[in-house]
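The structure under discussion appears below in the form of structure tokens.
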Amino acid sequence: MAEVDFKQANERYAASFGDNGKLSIPPSKHLVVVTCMDARLNPEEFLGLNLGEAHIIRNAGGLAKESLRSIIISQRLLGTKDVLVIHHSDCGMLTFTDEQLRSKVINTHPGDVAVSEAVNGLQFGPFPDLDSSVKDDVAFLKNHPLVLKEGDITGWVYEVETGKIRQVV
């Protein structure tokens, strides 16, 4: 997509922006959603959320550990309480291991010691089982001393095939 396409899309968006600039910084539903960066997911839409109602934190796999910094800021400074952890079917994180990805990166930079050292220090966080990964992330957040306990922390799976969500208990 060309830069001009983004600019034109933004002009259309800005033309109907209305009073959105007056929304408060804290999300009105006091909600944090942790989900995957997968381009097929539109959490605001499938959860029925409007602009200004929730913080949406996205990363590869929707991993809680990678979201921790943002969750702490959201809760401690912006008043959120509830956390939804949402992973999804057909996730790329189910398709590889850390070692496979490390090897792929190293092989594309043969002999580059800096690349090898950098990639060997990373944990990419793939997971072999969808429901178990959701349960692990919910448990991580519930047991973390910096995550507030006043709200609910729940885990969900979004089915990319149907658009439906199901709770993982």
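Ligands are numbered from 1 in the order shown, residues from 1 within each chain, and chains are lettered A, B, ... in the order they appear in the structure tokens.
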Exercise for review: Identify, on the basis of only C-alpha atoms, every residue whose closest approach to Val34 of chain A does not exceed 7 Å; exclude the query and any residue fewer than 3 positions from it along the same chain; express the result as a ChimeraX atom specification.
Suggested key: /A:56-58,62,64,84-86
What are the nearest atom pairs, with distances in Å to one decimal, for all residues of segment 51-100 of chain A that come at most 10 Å from segment 141-150 of chain A, using only C-alpha atoms, set out by chain and rising residue number as a tab-separated table?
```
residue	atom	partner	partner_atom	distance
A:Ala64	CA	A:Leu141	CA	6.9
A:Lys65	CA	A:Leu141	CA	8.1
A:Ser67	CA	A:Leu141	CA	9.9
A:Leu68	CA	A:Leu141	CA	8.1
A:Arg69	CA	A:Leu146	CA	9.6
A:Ile71	CA	A:Val147	CA	7.4
A:Ile72	CA	A:Val147	CA	6.3
A:Ile73	CA	A:Val147	CA	9.9
A:Gln75	CA	A:Leu148	CA	7.1
A:Arg76	CA	A:Leu148	CA	8.2
A:Thr80	CA	A:Leu148	CA	9.2
A:Lys81	CA	A:Glu150	CA	6.3
A:Asp82	CA	A:Glu150	CA	7.9
A:Val83	CA	A:Leu141	CA	8.9
A:Val85	CA	A:Leu141	CA	9.5
```
Review point. Please, what distance in Å, to one decimal, runs between atom CA of Val138 of chain A and atom CA of Thr97 of chain A?
Key: 21.7 Å
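Interatomic distance, atom CA of Val134 of chain A to atom CA of Gly155 of chain A: 5.7 Å.
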Point to revise | Option closest in space to Gly52 of chain A, from A:Ser24, A:Ser103, A:Ser70, A:Gln167 [counting only C-alpha atoms] | key: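 Smallest separation from Gly52 of chain A among the options: A:Ser24.
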Practice item. Using backbone DSSP assignments, extract all strand (DSSP E or B) residues from segment 6-163 of chain A; output them as number ranges by chain. Key: A: 31-36, 54-59, 82-88, 153-158
Point to revise | Contacts of Gln100 of chain A at 12 Å (only C-alpha atoms; same-chain gap of 6+ positions) as a PyMOL selection string | key: chain A and resi 93+106-107+119-120+123-124+126
Residue subset to file, keeping all heavy atoms, as an mmCIF file, in the first residue's frame:
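Below you can see selection19.cif, which holds the result:
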```cif
data_model
loop_
_atom_site.group_PDB
_atom_site.id
_atom_site.type_symbol
_atom_site.label_atom_id
_atom_site.label_comp_id
_atom_site.auth_asym_id
_atom_site.auth_seq_id
_atom_site.Cartn_x
_atom_site.Cartn_y
_atom_site.Cartn_z
ATOM 1 N N MET A 93 2.127 -18.760 16.319
ATOM 2 C CA MET A 93 2.952 -19.163 17.453
ATOM 3 C C MET A 93 2.861 -20.663 17.738
ATOM 4 O O MET A 93 3.642 -21.197 18.505
ATOM 5 C CB MET A 93 2.556 -18.363 18.702
ATOM 6 C CG MET A 93 2.743 -16.866 18.549
ATOM 7 S SD MET A 93 4.453 -16.378 18.259
ATOM 8 C CE MET A 93 5.065 -16.416 19.923
ATOM 9 N N ILE A 106 19.765 -16.865 12.105
ATOM 10 C CA ILE A 106 21.220 -17.039 11.991
ATOM 11 C C ILE A 106 21.610 -17.431 10.567
ATOM 12 O O ILE A 106 22.593 -16.922 10.016
ATOM 13 C CB ILE A 106 21.724 -18.072 13.029
ATOM 14 C CG1 ILE A 106 21.624 -17.466 14.431
ATOM 15 C CG2 ILE A 106 23.148 -18.517 12.716
ATOM 16 C CD1 ILE A 106 21.826 -18.456 15.566
ATOM 17 N N ASN A 107 20.832 -18.307 9.952
ATOM 18 C CA ASN A 107 21.144 -18.757 8.588
ATOM 19 C C ASN A 107 21.002 -17.658 7.550
ATOM 20 O O ASN A 107 21.631 -17.722 6.491
ATOM 21 C CB ASN A 107 20.270 -19.950 8.207
ATOM 22 C CG ASN A 107 20.656 -21.197 8.978
ATOM 23 O OD1 ASN A 107 21.762 -21.306 9.506
ATOM 24 N ND2 ASN A 107 19.724 -22.138 9.082
ATOM 25 N N VAL A 119 20.162 -13.005 18.723
ATOM 26 C CA VAL A 119 19.022 -13.909 18.581
ATOM 27 C C VAL A 119 19.070 -15.034 19.616
ATOM 28 O O VAL A 119 18.031 -15.493 20.078
ATOM 29 C CB VAL A 119 18.882 -14.449 17.142
ATOM 30 C CG1 VAL A 119 19.869 -15.573 16.858
ATOM 31 C CG2 VAL A 119 17.466 -14.916 16.884
ATOM 32 N N ASN A 120 20.276 -15.452 20.004
ATOM 33 C CA ASN A 120 20.381 -16.503 21.011
ATOM 34 C C ASN A 120 19.929 -16.035 22.389
ATOM 35 O O ASN A 120 19.600 -16.847 23.239
ATOM 36 C CB ASN A 120 21.792 -17.078 21.057
ATOM 37 C CG ASN A 120 22.044 -18.038 19.913
ATOM 38 O OD1 ASN A 120 21.142 -18.745 19.480
ATOM 39 N ND2 ASN A 120 23.266 -18.056 19.403
ATOM 40 N N GLN A 123 13.839 -15.075 23.730
ATOM 41 C CA GLN A 123 12.809 -16.098 23.858
ATOM 42 C C GLN A 123 11.625 -15.578 23.052
ATOM 43 O O GLN A 123 11.082 -14.523 23.363
ATOM 44 C CB GLN A 123 12.401 -16.294 25.324
ATOM 45 C CG GLN A 123 13.523 -16.744 26.229
ATOM 46 C CD GLN A 123 13.988 -18.146 25.900
ATOM 47 O OE1 GLN A 123 13.190 -19.028 25.621
ATOM 48 N NE2 GLN A 123 15.297 -18.354 25.914
ATOM 49 N N PHE A 124 11.210 -16.295 22.026
ATOM 50 C CA PHE A 124 10.129 -15.830 21.162
ATOM 51 C C PHE A 124 8.749 -16.213 21.682
ATOM 52 O O PHE A 124 7.756 -15.628 21.278
ATOM 53 C CB PHE A 124 10.341 -16.343 19.732
ATOM 54 C CG PHE A 124 11.572 -15.759 19.094
ATOM 55 C CD1 PHE A 124 12.751 -16.482 19.034
ATOM 56 C CD2 PHE A 124 11.561 -14.473 18.584
ATOM 57 C CE1 PHE A 124 13.896 -15.947 18.464
ATOM 58 C CE2 PHE A 124 12.696 -13.917 18.012
ATOM 59 C CZ PHE A 124 13.868 -14.662 17.959
ATOM 60 N N PRO A 126 6.889 -19.246 21.526
ATOM 61 C CA PRO A 126 5.909 -20.090 20.844
ATOM 62 C C PRO A 126 5.262 -21.040 21.847
ATOM 63 O O PRO A 126 5.799 -21.261 22.939
ATOM 64 C CB PRO A 126 6.750 -20.858 19.826
ATOM 65 C CG PRO A 126 8.096 -20.935 20.442
ATOM 66 C CD PRO A 126 8.262 -19.631 21.189
#
```
Practice item. Have a look at atom CA of Glu53 of chain A and atom CA of Gly18 of chain A and let me know their distance in Å, one decimal. Key: 16.4 Å
Exercise for review: Identify, with DSSP run on backbone atoms, the residues in segment 5-168 of chain A assigned to helix (DSSP H, G or I), and express the list as a ChimeraX atom specification.
Suggested key: /A:5-15,20-22,43-46,60-62,64-78,92-94,98-108,113-120,130-143
Study note, to complete from the structure: Nearest to Ser74 of chain A, restricted to only C-alpha atoms and choosing among A:Arg40, A:Lys104, A:His109, A:His30, comes out as A:His30
Point to revise | Contacts of Leu94 of chain A at 8 Å (only C-alpha atoms; same-chain gap of 3+ positions) as a ChimeraX atom specification | key: /A:90-91,126-130
Prev. selection, N, CA and C atoms, output as a PDB file, in the first residue's frame:
```pdb
ATOM      1  N   ASP A  90      -5.469 -20.980  14.762  1.00  0.00           N
ATOM      2  CA  ASP A  90      -4.621 -20.809  13.580  1.00  0.00           C
ATOM      3  C   ASP A  90      -3.521 -19.771  13.815  1.00  0.00           C
ATOM      4  N   CYS A  91      -2.996 -19.746  15.030  1.00  0.00           N
ATOM      5  CA  CYS A  91      -1.961 -18.775  15.399  1.00  0.00           C
ATOM      6  C   CYS A  91      -0.601 -19.252  14.922  1.00  0.00           C
ATOM      7  N   PRO A 126       6.889 -19.246  21.526  1.00  0.00           N
ATOM      8  CA  PRO A 126       5.909 -20.090  20.844  1.00  0.00           C
ATOM      9  C   PRO A 126       5.262 -21.040  21.847  1.00  0.00           C
ATOM     10  N   PHE A 127       4.116 -21.572  21.470  1.00  0.00           N
ATOM     11  CA  PHE A 127       3.444 -22.512  22.365  1.00  0.00           C
ATOM     12  C   PHE A 127       2.833 -23.640  21.549  1.00  0.00           C
ATOM     13  N   PRO A 128       2.836 -24.865  22.105  1.00  0.00           N
ATOM     14  CA  PRO A 128       2.328 -26.020  21.369  1.00  0.00           C
ATOM     15  C   PRO A 128       0.827 -26.255  21.519  1.00  0.00           C
ATOM     16  N   ASP A 129       0.196 -25.622  22.530  1.00  0.00           N
ATOM     17  CA  ASP A 129      -1.213 -25.874  22.800  1.00  0.00           C
ATOM     18  C   ASP A 129      -1.918 -24.558  23.110  1.00  0.00           C
ATOM     19  N   LEU A 130      -2.959 -24.263  22.373  1.00  0.00           N
ATOM     20  CA  LEU A 130      -3.664 -22.983  22.476  1.00  0.00           C
ATOM     21  C   LEU A 130      -4.286 -22.765  23.850  1.00  0.00           C
TER      22      LEU A 130
END
```
Review point. Taking only C-alpha atoms into account, which of A:Val115, A:Ile153, A:Val168, A:Val160 comes nearest Asn42 of chain A?
Key: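 Smallest separation from Asn42 of chain A among the options: A:Val160.
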**Study point:** Nearest-residue call for Glu99 of chain A, choices A:Gly125, A:Gly61, A:Gly79, A:Pro26, using only C-alpha atoms
**Key:**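 Looking only at the distances to Glu99 of chain A, the closest residue turns out to be A:Gly125.
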